[in-house]
Amino acid sequence: MTPFSSPAASGTTSDTSVTADWLRFDPASATSIPLLDSAAIRRLEQAAYARLSPFTLMARAGAAAAAWLTAHAPAGPLLLLAGPGNNGGDALVAATCLHRAGRDVQAWLLADPSRLPADAARAWKEASDAGVPLQVVVPDPASPQTAPPWPTTAPRFTAVVDGLLGIGLNRPASGALAEWIDRLRGLAEQGVPVFALDIPSGLSGDTGAGAPAVRATRTLTFIAAKPGLLTRDGRDCAGEVDIAPLGLDYPPQVPPETVAAWANTPARFATALPGRRHASHKGSFGTLAVIGGSIGMVGAPLLGARAALHLGAGRVHIGFLADPAPPFDPVHPELMLHPVDRLQLDEMSALVVGPGMGTGDDARGWLETALRAGAPTVLDADALNLLATNASLAAIARAGTAPRVLTPHPLEAARLMGGTVAEIQRDRLAAARALAAQWQAVVVLKGSGTVIAAPGEHPVTINPTGNAGLATAGTGDVLAGMIGALLAQGMAAEPAALAAVWLHGRAADRLVASGEGPAGLTAGELPRAARHELHLLSAWR
C-alpha cells in the first residue's frame with residue numbers, strides 16, 4: 001500500500017477509485033472558483049451517496065486529509081480531535097491512514113462511540129482495529145455541558161487537527177464543544193499549528209460568522225470552497241485554504257442559481273481590462289475627475305487621483321471643495337488640481353465623488369451636480385453619508401441611468417440601509433445583494449473578504465486578496481480612485497469593481513510579502529504595487 005492511498009487498499013473499506021489529492025485555493029486562479037453554501041454541498045453529497053458505495057466519501061476525505069497533513073503538518077506527535085458527526089469520522093479515517101504510514105498520531109473522540117452516525121461509527125471501528133491510539137474524552141454525566149480536563153497522559157503534540165464540527169452548525173457553538181474550540185484557540189495562540197477539516201469548527205460556512213470558532217493555520221475544505229471561509233471571520237479562522245474534491249466533478253457541476261458566490265479571481269475580470277495599442281494618446285484612456293477634499297481633508301482626493309494615475313487613466317483632475325485649493329501636487333505634478341467650480345464635468349469620462357468631501361451644503365450641492373452629470377460614477381465616503389441622510393439626493397441617485405459603484409464600509413452600509421453594523425455583518429452576502437437592489441448600483445461592501453454585488457439575480461463575488469495592512473486611513477480613497485480609473489477607460493461597472501478590488505488587495509499582499517507591512521503600511525504605497533499587479537495580468541488580454 002502506498003502511504004496515502006485510500007484505506008480501501010487494505011481491504012477494510014469500500015473502493016474509492018480516487019487518489020487522495022487536493023487543490024490549493026489560488027486567488028490568482030485562471031478559472032472561476034465557485035463558493036457553495038451548506039445547502040448546495042448537502043445536495044452534492046446526497047447525489048454522491050446515491051451512486052457510490054457506503055463510506056466512500058468519508059474514506060476519500062480521510063485519505064485526502066492524511067496526505068494533506070503529511071504535506072503541511074510539522075513532524076512529531078499529531079493529535080486528531082474527532083467530534084460527534086461525520087466531520088469526526090473524516091478525522092478518524094485520516095488518523096488510520098497516518099498510523100498505517102508510520103506517523104505518531106493519537107485520535108480523541110469527543111463523543112459516545114455508540115451514538116455515532118453509521119459512517120463515523122465505521123471509521124471508529126476501523127481505527128480501533130488498526131491499532132490507532134484512541135481515547136474517548138467526554139463530559140462527566142453530572143456536568144454534560146462542561147468539557148473534561150485535558151488528559152494528563154497526553155504528550156506534547158506538535159500540531160492538532162480540528163475534526164470537531166462540520167458545515168451542519170447553524171448557531172454559535174456552546175457547552176463542551178465551545179470549550180474545546182476555546183482550547184484550540186489557546187493552542188494556536190501558543191504557536192501550535194491547528195489544521196481544520198472542511199471548515200474551522202464554530203465558523204459558519206455560509207456567512208463567515210465565528211464566535212467562538214477555531215483559528216486554523218490551514219483548512220482543507222471538502223467538495224468545494226464555502227463563502228464563509230473568505231469573509232467576515234473566515235479569513236482569520238481558516239488560514240490558508242485547500243480544496244479536496246473527493247473524486248467528484250471539480251468545479252462542481254451545479255445550476256448557476258445554486259452558486260452562493262464566486263471567488264474574485266482574474267478569471268472573473270481580466271479579459272475586460274483595457275488594452276494598450278501603440279496608436280494611442282492620453283485621450284484614449286479617459287478623463288477622470290475626483291471630487292472632494294474639503295478643508296482639512298485634501299489628502300483624500302489626492303490619494304484617489306494618484307491611484308487612478310497608476311491604473312492607467314489618461315488624464316486625472318481633482319475638484320477641491322477646500323478654498324483655496326492646492327495649486328499642484330508636488331508628488332505627481334501630472335495631476336490637474338482645481339477649485340471644484342472650475343471642473344468641466346461634461347468633459348469627464350468618469351467621476352469619483354466623496355473622498356474627504358464633508359457633508360455641508362457645498363458638498364450636497366456638488367453631489368447633486370455630479371449625480372445629474374450622467375457619467376459613470378464611484379460614490380464613496382461622504383457621498384454615501386449624504387445619500388443616507390438626504391432623501392432628495394437618494395431619489396436622484398436611484399433614478400439615474402449612468403453606471404454607478406458604491407463603496408461602503410459596514411458603518412456606511414448600515415446608514416444606507418437604515419440598520420446597524422451588526423445587521424450588515426451578520427450576513428454580508430445578503431447585505432451586499434440588498435444594497436445593490438436598493439440603489440440599483442454595483443456595491444463594494446468593504447471589509448475582510450470584500451463582497452461585490454450587482455443588481456439583478458446574480459451571485460455575489462467575494463474577494464480573497466488583501467490583508468490587515470489595509471486597515472489604515474486612506475486605503476478606501478485609493479480603491480475609489482482605482483475603480484474610477486477603470487471606469488474612465490471604458491470598463492463596465494461590475495468588472496471594473498472586481499478588478500480594482502482584487503488589485504487593491506493584491507497590492508497589499510505584495511507589500512506585506514516584501515516586508516512593507518502589515519503594520520505601518522500606508523495608503524500611498526498601494527498605487528505602485530497595484531500597477532505592478534495590473535501589468536502581470538497583461539497576458540490575460
# chains A, B, ... in the order shown; residues from 1 in each chain; ligands from 1
call {"tool": "residues_around", "arguments": {"residues": "A:Arg42", "least_positions_apart": "2", "cutoff": "12 Å", "atoms": "only C-alpha atoms", "output": "list in words"}}
result
Leu36, Asp37, Ser38, Ala39, Ala40, Leu44, Glu45, Gln46, Ala47, Ala48, Tyr49, Gly166, Ile167, Gly168, Phe222, Ile223, Ala224 and Thr258 of chain A
call {"tool": "residues_around", "arguments": {"residues": "stretch 369-386 of chain A", "least_positions_apart": "2", "cutoff": "8 Å", "atoms": "only C-alpha atoms", "output": "PyMOL selection string"}}
result
chain A and resi 345-346+348-359+364-367+388-390+393+396-397+400-408+412+415-416+477+480+483-484+487-488+493
call {"tool": "closest_residue", "arguments": {"among": "A:Val512, A:Leu303, A:Cys97, A:Val137", "to": "A:Gly474", "atoms": "only C-alpha atoms"}}
result
A:Leu303
call {"tool": "closest_residue", "arguments": {"among": "A:Arg103, A:Arg232, A:Arg276, A:Arg171", "to": "A:Ser538", "atoms": "only C-alpha atoms"}}
result
A:Arg276
call {"tool": "residues_around", "arguments": {"residues": "A:Asn264", "least_positions_apart": "3", "cutoff": "12 Å", "atoms": "only C-alpha atoms", "output": "number ranges by chain"}}
result
A: 25-35, 227, 230-231, 261, 267-270, 449-453, 459-466, 494-503, 505-506
call {"tool": "residues_around", "arguments": {"residues": "A:Arg185", "least_positions_apart": "5", "cutoff": "12 Å", "atoms": "only C-alpha atoms", "output": "PyMOL selection string"}}
result
chain A and resi 160+162+178-180+190-196+200-202+211-217+236-237
call {"tool": "write_last_selection", "arguments": {"atoms": "C-alpha atoms", "output": "mmCIF file, in the first residue's frame"}}
result
data_model
loop_
_atom_site.group_PDB
_atom_site.id
_atom_site.type_symbol
_atom_site.label_atom_id
_atom_site.label_comp_id
_atom_site.auth_asym_id
_atom_site.auth_seq_id
_atom_site.Cartn_x
_atom_site.Cartn_y
_atom_site.Cartn_z
ATOM 1 C CA VAL A 160 -3.606 19.457 16.289
ATOM 2 C CA ASP A 162 -9.779 20.052 14.172
ATOM 3 C CA ALA A 178 -17.373 25.579 22.744
ATOM 4 C CA GLU A 179 -14.822 24.836 25.474
ATOM 5 C CA TRP A 180 -12.882 22.598 23.100
ATOM 6 C CA GLN A 190 0.751 29.453 21.923
ATOM 7 C CA GLY A 191 2.086 28.739 18.427
ATOM 8 C CA VAL A 192 0.772 25.194 17.991
ATOM 9 C CA PRO A 193 -0.415 24.775 14.364
ATOM 10 C CA VAL A 194 -4.085 23.855 14.069
ATOM 11 C CA PHE A 195 -5.353 22.192 10.878
ATOM 12 C CA ALA A 196 -9.089 22.258 10.203
ATOM 13 C CA PRO A 200 -12.868 25.543 11.266
ATOM 14 C CA SER A 201 -15.238 24.400 13.990
ATOM 15 C CA GLY A 202 -17.640 27.124 15.050
ATOM 16 C CA ALA A 211 -17.997 33.345 17.712
ATOM 17 C CA PRO A 212 -16.434 31.216 19.011
ATOM 18 C CA ALA A 213 -14.535 29.478 16.220
ATOM 19 C CA VAL A 214 -11.233 27.681 15.812
ATOM 20 C CA ARG A 215 -8.401 29.711 14.321
ATOM 21 C CA ALA A 216 -6.608 27.347 11.978
ATOM 22 C CA THR A 217 -3.253 27.621 10.278
ATOM 23 C CA ASP A 236 -8.766 34.777 10.299
ATOM 24 C CA CYS A 237 -10.256 31.388 11.170
#
call {"tool": "closest_residue", "arguments": {"among": "A:Leu521, A:Ala101, A:Ala111, A:Ala159", "to": "A:Leu177", "atoms": "only C-alpha atoms"}}
result
A:Ala111
call {"tool": "select_by_dssp", "arguments": {"residues": "stretch 343-529 of chain A", "states": "strand (DSSP E)", "output": "mmCIF file with C-alpha atoms, in the first residue's frame"}}
result
data_model
loop_
_atom_site.group_PDB
_atom_site.id
_atom_site.type_symbol
_atom_site.label_atom_id
_atom_site.label_comp_id
_atom_site.auth_asym_id
_atom_site.auth_seq_id
_atom_site.Cartn_x
_atom_site.Cartn_y
_atom_site.Cartn_z
ATOM 1 C CA ALA A 350 -15.967 59.100 -15.198
ATOM 2 C CA LEU A 351 -16.246 60.626 -11.734
ATOM 3 C CA VAL A 352 -15.227 59.694 -8.213
ATOM 4 C CA VAL A 353 -17.261 61.640 -5.660
ATOM 5 C CA THR A 377 -19.547 57.418 -11.111
ATOM 6 C CA VAL A 378 -17.965 55.987 -7.987
ATOM 7 C CA LEU A 379 -19.751 57.137 -4.815
ATOM 8 C CA ARG A 404 -22.604 53.662 -10.551
ATOM 9 C CA VAL A 405 -20.411 51.916 -7.997
ATOM 10 C CA LEU A 406 -20.999 52.411 -4.252
ATOM 11 C CA VAL A 442 -22.751 47.827 -8.136
ATOM 12 C CA VAL A 443 -21.922 47.671 -4.436
ATOM 13 C CA VAL A 444 -18.486 47.059 -2.965
ATOM 14 C CA LEU A 445 -19.092 46.134 0.686
ATOM 15 C CA VAL A 451 -18.246 41.462 -1.185
ATOM 16 C CA ILE A 452 -19.122 42.820 -4.630
ATOM 17 C CA ALA A 453 -22.760 42.683 -5.739
ATOM 18 C CA VAL A 460 -22.171 37.969 -5.388
ATOM 19 C CA THR A 461 -18.391 37.854 -5.578
ATOM 20 C CA ILE A 462 -16.082 37.622 -2.554
#
call {"tool": "select_by_dssp", "arguments": {"residues": "stretch 189-390 of chain A", "states": "alpha helix (DSSP H)", "output": "NGL selection string"}}
result
:A and (189 or 234-238 or 299-310 or 361-373 or 382-389)
call {"tool": "closest_residue", "arguments": {"among": "A:Ala530, A:Leu335, A:Ala289, A:Leu110", "to": "A:Ala176", "atoms": "only C-alpha atoms"}}
result
A:Leu110
call {"tool": "residues_around", "arguments": {"residues": "A:Ser114", "least_positions_apart": "6", "cutoff": "12 Å", "atoms": "only C-alpha atoms", "output": "list in words"}}
result
Pro84, Ala120, Ala121, Arg122, Trp124, Lys125 and Val136 of chain A
call {"tool": "atom_distance", "arguments": {"atom1": "atom CA of A:Met482", "atom2": "atom CA of A:Gly524"}}
result
12.6 Å
call {"tool": "closest_residue", "arguments": {"among": "A:Arg218, A:Met417, A:Ala307, A:Pro326", "to": "A:Glu525", "atoms": "only C-alpha atoms"}}
result
A:Ala307
call {"tool": "residues_around", "arguments": {"residues": "A:Pro339", "least_positions_apart": "4", "cutoff": "8 Å", "atoms": "only C-alpha atoms", "output": "list in words"}}
result
Gly319, Phe320, Leu321, Ala322, Asp323, Pro324, Ala325 and Leu343 of chain A
call {"tool": "closest_atom_pairs", "arguments": {"of": "stretch 198-296 of chain A", "to": "stretch 52-62 of chain A", "cutoff": "12 Å", "atoms": "only C-alpha atoms", "output": "JSON lines"}}
result
{"residue": "A:Asp198", "atom": "CA", "partner": "A:Ala61", "partner_atom": "CA", "distance": 9.2}
{"residue": "A:Leu220", "atom": "CA", "partner": "A:Ala61", "partner_atom": "CA", "distance": 9.5}
{"residue": "A:Thr221", "atom": "CA", "partner": "A:Ala61", "partner_atom": "CA", "distance": 9.4}
{"residue": "A:Phe222", "atom": "CA", "partner": "A:Ala61", "partner_atom": "CA", "distance": 7.1}
{"residue": "A:Ile223", "atom": "CA", "partner": "A:Ala61", "partner_atom": "CA", "distance": 9.2}
{"residue": "A:Ile243", "atom": "CA", "partner": "A:Ala61", "partner_atom": "CA", "distance": 10.6}
{"residue": "A:Ala244", "atom": "CA", "partner": "A:Ala61", "partner_atom": "CA", "distance": 7.4}
{"residue": "A:Pro245", "atom": "CA", "partner": "A:Ala61", "partner_atom": "CA", "distance": 8.7}
{"residue": "A:Leu246", "atom": "CA", "partner": "A:Arg60", "partner_atom": "CA", "distance": 5.6}
{"residue": "A:Gly247", "atom": "CA", "partner": "A:Arg60", "partner_atom": "CA", "distance": 7.7}
{"residue": "A:Leu248", "atom": "CA", "partner": "A:Leu57", "partner_atom": "CA", "distance": 9.4}
call {"tool": "write_last_selection", "arguments": {"atoms": "N, CA and C atoms", "output": "PDB file, in the first residue's frame"}}
result
ATOM      1  N   ASP A 198     -12.601  20.545   6.601  1.00  0.00           N
ATOM      2  CA  ASP A 198     -13.793  21.114   5.976  1.00  0.00           C
ATOM      3  C   ASP A 198     -13.955  22.597   6.306  1.00  0.00           C
ATOM      4  N   LEU A 220      -8.507  22.329   5.071  1.00  0.00           N
ATOM      5  CA  LEU A 220      -8.798  21.504   3.902  1.00  0.00           C
ATOM      6  C   LEU A 220     -10.312  21.379   3.818  1.00  0.00           C
ATOM      7  N   THR A 221     -10.906  22.061   2.852  1.00  0.00           N
ATOM      8  CA  THR A 221     -12.356  22.035   2.722  1.00  0.00           C
ATOM      9  C   THR A 221     -12.751  21.015   1.660  1.00  0.00           C
ATOM     10  N   PHE A 222     -13.874  20.355   1.867  1.00  0.00           N
ATOM     11  CA  PHE A 222     -14.260  19.219   1.042  1.00  0.00           C
ATOM     12  C   PHE A 222     -15.298  19.610  -0.007  1.00  0.00           C
ATOM     13  N   ILE A 223     -15.159  19.036  -1.187  1.00  0.00           N
ATOM     14  CA  ILE A 223     -16.043  19.151  -2.356  1.00  0.00           C
ATOM     15  C   ILE A 223     -15.895  20.509  -3.039  1.00  0.00           C
ATOM     16  N   ILE A 243      -8.645  22.719  -1.260  1.00  0.00           N
ATOM     17  CA  ILE A 243      -9.914  22.092  -1.604  1.00  0.00           C
ATOM     18  C   ILE A 243      -9.669  20.636  -1.991  1.00  0.00           C
ATOM     19  N   ALA A 244     -10.394  19.722  -1.364  1.00  0.00           N
ATOM     20  CA  ALA A 244     -10.344  18.308  -1.734  1.00  0.00           C
ATOM     21  C   ALA A 244     -11.661  17.940  -2.405  1.00  0.00           C
ATOM     22  N   PRO A 245     -11.683  17.735  -3.727  1.00  0.00           N
ATOM     23  CA  PRO A 245     -12.948  17.455  -4.431  1.00  0.00           C
ATOM     24  C   PRO A 245     -13.547  16.083  -4.134  1.00  0.00           C
ATOM     25  N   LEU A 246     -12.781  15.187  -3.524  1.00  0.00           N
ATOM     26  CA  LEU A 246     -13.255  13.846  -3.153  1.00  0.00           C
ATOM     27  C   LEU A 246     -13.689  13.014  -4.353  1.00  0.00           C
ATOM     28  N   GLY A 247     -13.021  13.231  -5.475  1.00  0.00           N
ATOM     29  CA  GLY A 247     -13.326  12.447  -6.656  1.00  0.00           C
ATOM     30  C   GLY A 247     -14.572  12.880  -7.390  1.00  0.00           C
ATOM     31  N   LEU A 248     -15.227  13.921  -6.936  1.00  0.00           N
ATOM     32  CA  LEU A 248     -16.402  14.449  -7.623  1.00  0.00           C
ATOM     33  C   LEU A 248     -15.965  15.485  -8.645  1.00  0.00           C
TER      34      LEU A 248
END
call {"tool": "atom_distance", "arguments": {"atom1": "atom CA of A:Trp150", "atom2": "atom CA of A:Pro77"}}
result
16.1 Å
call {"tool": "closest_residue", "arguments": {"among": "A:Leu435, A:Ala399, A:Ala225, A:Leu479", "to": "A:Pro301", "atoms": "only C-alpha atoms"}}
result
A:Leu479
call {"tool": "atom_distance", "arguments": {"atom1": "atom CA of A:Thr158", "atom2": "atom CA of A:Leu79"}}
result
8.2 Å
call {"tool": "residues_around", "arguments": {"residues": "A:Glu423", "least_positions_apart": "5", "cutoff": "12 Å", "atoms": "only C-alpha atoms", "output": "list in words"}}
result
Ala209, Pro410, Leu411, Ala413, Ala414, Arg415, Met417, Gly418, Arg428, Leu429, Ala430, Ala431, Ala432 and Ala434 of chain A
call {"tool": "write_last_selection", "arguments": {"atoms": "N, CA, C and O atoms", "output": "compact mmCIF listing (two decimals), in the first residue's frame"}}
result
# COMPACT_ATOMS: atom_id res chain seq x y z
N ALA A 209 -19.54 33.97 10.01
CA ALA A 209 -19.68 34.31 11.43
C ALA A 209 -18.98 33.25 12.25
O ALA A 209 -19.17 32.05 12.03
N PRO A 410 -18.81 48.79 6.47
CA PRO A 410 -20.03 48.33 7.14
C PRO A 410 -20.85 49.43 7.80
O PRO A 410 -22.09 49.39 7.76
N LEU A 411 -20.22 50.45 8.40
CA LEU A 411 -20.99 51.52 9.03
C LEU A 411 -21.74 52.33 7.98
O LEU A 411 -22.92 52.66 8.15
N ALA A 413 -22.64 51.23 5.07
CA ALA A 413 -23.69 50.35 4.55
C ALA A 413 -24.90 50.35 5.49
O ALA A 413 -26.05 50.36 5.04
N ALA A 414 -24.64 50.32 6.79
CA ALA A 414 -25.74 50.34 7.75
C ALA A 414 -26.54 51.64 7.62
O ALA A 414 -27.78 51.63 7.69
N ARG A 415 -25.87 52.75 7.43
CA ARG A 415 -26.59 54.02 7.25
C ARG A 415 -27.43 53.99 5.98
O ARG A 415 -28.58 54.45 5.97
N MET A 417 -28.78 51.48 4.56
CA MET A 417 -29.91 50.56 4.69
C MET A 417 -30.82 50.91 5.87
O MET A 417 -31.85 50.27 6.07
N GLY A 418 -30.41 51.91 6.67
CA GLY A 418 -31.20 52.25 7.84
C GLY A 418 -31.17 51.19 8.91
O GLY A 418 -32.14 51.01 9.65
N ARG A 428 -23.05 39.23 5.31
CA ARG A 428 -22.50 40.24 4.41
C ARG A 428 -22.95 40.00 2.96
O ARG A 428 -23.13 40.95 2.20
N LEU A 429 -23.13 38.75 2.58
CA LEU A 429 -23.56 38.47 1.21
C LEU A 429 -24.97 39.02 0.99
O LEU A 429 -25.23 39.69 -0.01
N ALA A 430 -25.86 38.74 1.93
CA ALA A 430 -27.24 39.22 1.79
C ALA A 430 -27.29 40.74 1.85
O ALA A 430 -28.06 41.37 1.11
N ALA A 431 -26.46 41.34 2.70
CA ALA A 431 -26.46 42.80 2.81
C ALA A 431 -26.00 43.44 1.50
O ALA A 431 -26.59 44.44 1.04
N ALA A 432 -24.97 42.90 0.89
CA ALA A 432 -24.48 43.46 -0.38
C ALA A 432 -25.54 43.33 -1.47
O ALA A 432 -25.75 44.26 -2.27
N ALA A 434 -28.76 43.19 -1.05
CA ALA A 434 -29.85 44.12 -0.74
C ALA A 434 -29.48 45.55 -1.10
O ALA A 434 -30.30 46.31 -1.64
